[in-house]
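Q: Structure incoming, see below.
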Amino acid sequence: MDMSLPVLDGWEATRQIKADANTKAIPVIALTAHAMPSDEQKATEAGCDAFDTKPIDLSRLLEKIRACLGQPRGS
């Protein structure tokens, strides 16, 4: 989830996804250029399951995706 989306930002979009019984189990990873600890806390409070910063490191992001999906490392 890009947290800096126009109109409906990623923080609110995540809140809405997690508030809906039909979508709350979908893992959401916050992707943002905002890299302060308070930004990660804000993402957690919005319902994000993980947090990553831009620029994206693909191997790091893939590990977070695997973790959110409950897959073992390196699969």
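Identifiers in the structure tokens: chain A, B, ... in order shown; residue index from 1 per chain; ligand index from 1 in order shown.
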Based on DSSP run over this structure's backbone, return all residues of chain A in alpha helix (DSSP H), as a ChimeraX atom specification.
A: /A:10-19,37-46,58-68
Q: Write the residues of the preceding selection, restricted to N, CA and C atoms, as an mmCIF file, in the first residue's frame.
A:
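Saved result, selection.cif, follows:
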```cif
data_model
loop_
_atom_site.group_PDB
_atom_site.id
_atom_site.type_symbol
_atom_site.label_atom_id
_atom_site.label_comp_id
_atom_site.auth_asym_id
_atom_site.auth_seq_id
_atom_site.Cartn_x
_atom_site.Cartn_y
_atom_site.Cartn_z
ATOM 1 N N GLY A 10 -3.137 6.112 1.756
ATOM 2 C CA GLY A 10 -2.941 4.724 2.145
ATOM 3 C C GLY A 10 -3.312 4.434 3.582
ATOM 4 N N TRP A 11 -3.161 5.423 4.454
ATOM 5 C CA TRP A 11 -3.531 5.231 5.859
ATOM 6 C C TRP A 11 -5.034 4.930 5.957
ATOM 7 N N GLU A 12 -5.841 5.781 5.307
ATOM 8 C CA GLU A 12 -7.298 5.607 5.357
ATOM 9 C C GLU A 12 -7.743 4.388 4.549
ATOM 10 N N ALA A 13 -7.119 4.144 3.412
ATOM 11 C CA ALA A 13 -7.472 2.968 2.614
ATOM 12 C C ALA A 13 -7.239 1.697 3.426
ATOM 13 N N THR A 14 -6.139 1.637 4.161
ATOM 14 C CA THR A 14 -5.852 0.467 4.993
ATOM 15 C C THR A 14 -6.881 0.343 6.103
ATOM 16 N N ARG A 15 -7.229 1.459 6.744
ATOM 17 C CA ARG A 15 -8.254 1.414 7.791
ATOM 18 C C ARG A 15 -9.554 0.827 7.243
ATOM 19 N N GLN A 16 -9.928 1.243 6.036
ATOM 20 C CA GLN A 16 -11.168 0.749 5.438
ATOM 21 C C GLN A 16 -11.067 -0.736 5.089
ATOM 22 N N ILE A 17 -9.934 -1.161 4.563
ATOM 23 C CA ILE A 17 -9.731 -2.585 4.247
ATOM 24 C C ILE A 17 -9.840 -3.420 5.513
ATOM 25 N N LYS A 18 -9.197 -2.986 6.570
ATOM 26 C CA LYS A 18 -9.172 -3.752 7.812
ATOM 27 C C LYS A 18 -10.487 -3.667 8.582
ATOM 28 N N ALA A 19 -11.313 -2.676 8.309
ATOM 29 C CA ALA A 19 -12.603 -2.537 8.981
ATOM 30 C C ALA A 19 -13.682 -3.412 8.361
ATOM 31 N N PRO A 37 10.367 6.411 12.800
ATOM 32 C CA PRO A 37 9.688 5.411 13.632
ATOM 33 C C PRO A 37 8.207 5.738 13.845
ATOM 34 N N SER A 38 7.881 7.014 13.926
ATOM 35 C CA SER A 38 6.474 7.397 14.114
ATOM 36 C C SER A 38 5.635 7.023 12.890
ATOM 37 N N ASP A 39 6.247 6.997 11.703
ATOM 38 C CA ASP A 39 5.533 6.598 10.496
ATOM 39 C C ASP A 39 5.213 5.105 10.540
ATOM 40 N N GLU A 40 6.149 4.304 11.018
ATOM 41 C CA GLU A 40 5.891 2.871 11.147
ATOM 42 C C GLU A 40 4.790 2.629 12.180
ATOM 43 N N GLN A 41 4.818 3.370 13.271
ATOM 44 C CA GLN A 41 3.784 3.239 14.293
ATOM 45 C C GLN A 41 2.418 3.637 13.719
ATOM 46 N N LYS A 42 2.386 4.708 12.938
ATOM 47 C CA LYS A 42 1.143 5.154 12.317
ATOM 48 C C LYS A 42 0.597 4.077 11.368
ATOM 49 N N ALA A 43 1.490 3.411 10.637
ATOM 50 C CA ALA A 43 1.075 2.338 9.739
ATOM 51 C C ALA A 43 0.498 1.166 10.524
ATOM 52 N N THR A 44 1.141 0.810 11.618
ATOM 53 C CA THR A 44 0.639 -0.272 12.470
ATOM 54 C C THR A 44 -0.730 0.089 13.028
ATOM 55 N N GLU A 45 -0.875 1.308 13.484
ATOM 56 C CA GLU A 45 -2.156 1.750 14.033
ATOM 57 C C GLU A 45 -3.255 1.761 12.969
ATOM 58 N N ALA A 46 -2.894 1.997 11.721
ATOM 59 C CA ALA A 46 -3.871 1.977 10.626
ATOM 60 C C ALA A 46 -4.261 0.561 10.244
ATOM 61 N N LEU A 58 13.946 -4.982 -3.368
ATOM 62 C CA LEU A 58 13.072 -6.078 -3.762
ATOM 63 C C LEU A 58 13.235 -7.313 -2.888
ATOM 64 N N SER A 59 14.450 -7.701 -2.565
ATOM 65 C CA SER A 59 14.636 -8.913 -1.748
ATOM 66 C C SER A 59 14.046 -8.711 -0.344
ATOM 67 N N ARG A 60 14.212 -7.531 0.220
ATOM 68 C CA ARG A 60 13.648 -7.231 1.545
ATOM 69 C C ARG A 60 12.122 -7.242 1.486
ATOM 70 N N LEU A 61 11.557 -6.642 0.445
ATOM 71 C CA LEU A 61 10.106 -6.616 0.294
ATOM 72 C C LEU A 61 9.550 -8.023 0.095
ATOM 73 N N LEU A 62 10.215 -8.829 -0.718
ATOM 74 C CA LEU A 62 9.751 -10.199 -0.936
ATOM 75 C C LEU A 62 9.746 -10.995 0.364
ATOM 76 N N GLU A 63 10.734 -10.794 1.212
ATOM 77 C CA GLU A 63 10.754 -11.482 2.511
ATOM 78 C C GLU A 63 9.572 -11.041 3.364
ATOM 79 N N LYS A 64 9.224 -9.765 3.320
ATOM 80 C CA LYS A 64 8.079 -9.277 4.093
ATOM 81 C C LYS A 64 6.777 -9.842 3.538
ATOM 82 N N ILE A 65 6.687 -9.952 2.230
ATOM 83 C CA ILE A 65 5.499 -10.545 1.611
ATOM 84 C C ILE A 65 5.385 -12.004 2.045
ATOM 85 N N ARG A 66 6.479 -12.740 1.976
ATOM 86 C CA ARG A 66 6.468 -14.145 2.393
ATOM 87 C C ARG A 66 6.053 -14.279 3.859
ATOM 88 N N ALA A 67 6.577 -13.409 4.700
ATOM 89 C CA ALA A 67 6.239 -13.457 6.127
ATOM 90 C C ALA A 67 4.749 -13.187 6.335
ATOM 91 N N CYS A 68 4.205 -12.228 5.614
ATOM 92 C CA CYS A 68 2.775 -11.912 5.745
ATOM 93 C C CYS A 68 1.906 -13.068 5.268
#
```
Q: Considering only strand (DSSP E) as DSSP defines it on the backbone, what residues of chain A qualify? List them as a PyMOL selection string.
A: chain A and resi 29-32+50-53
Q: Which residues are near segment 21-28 of chain A? Cut-off 8 Å, only C-alpha atoms, ignore same chain within fewer than 5 positions. Put them as a PyMOL selection string.
A: chain A and resi 1+14+47-50+68-69
Q: Pick from A:Met36, A:Gln71, A:Leu31, A:Pro6: nearest to Thr53 of chain A, with only C-alpha atoms counted?
A: A:Leu31
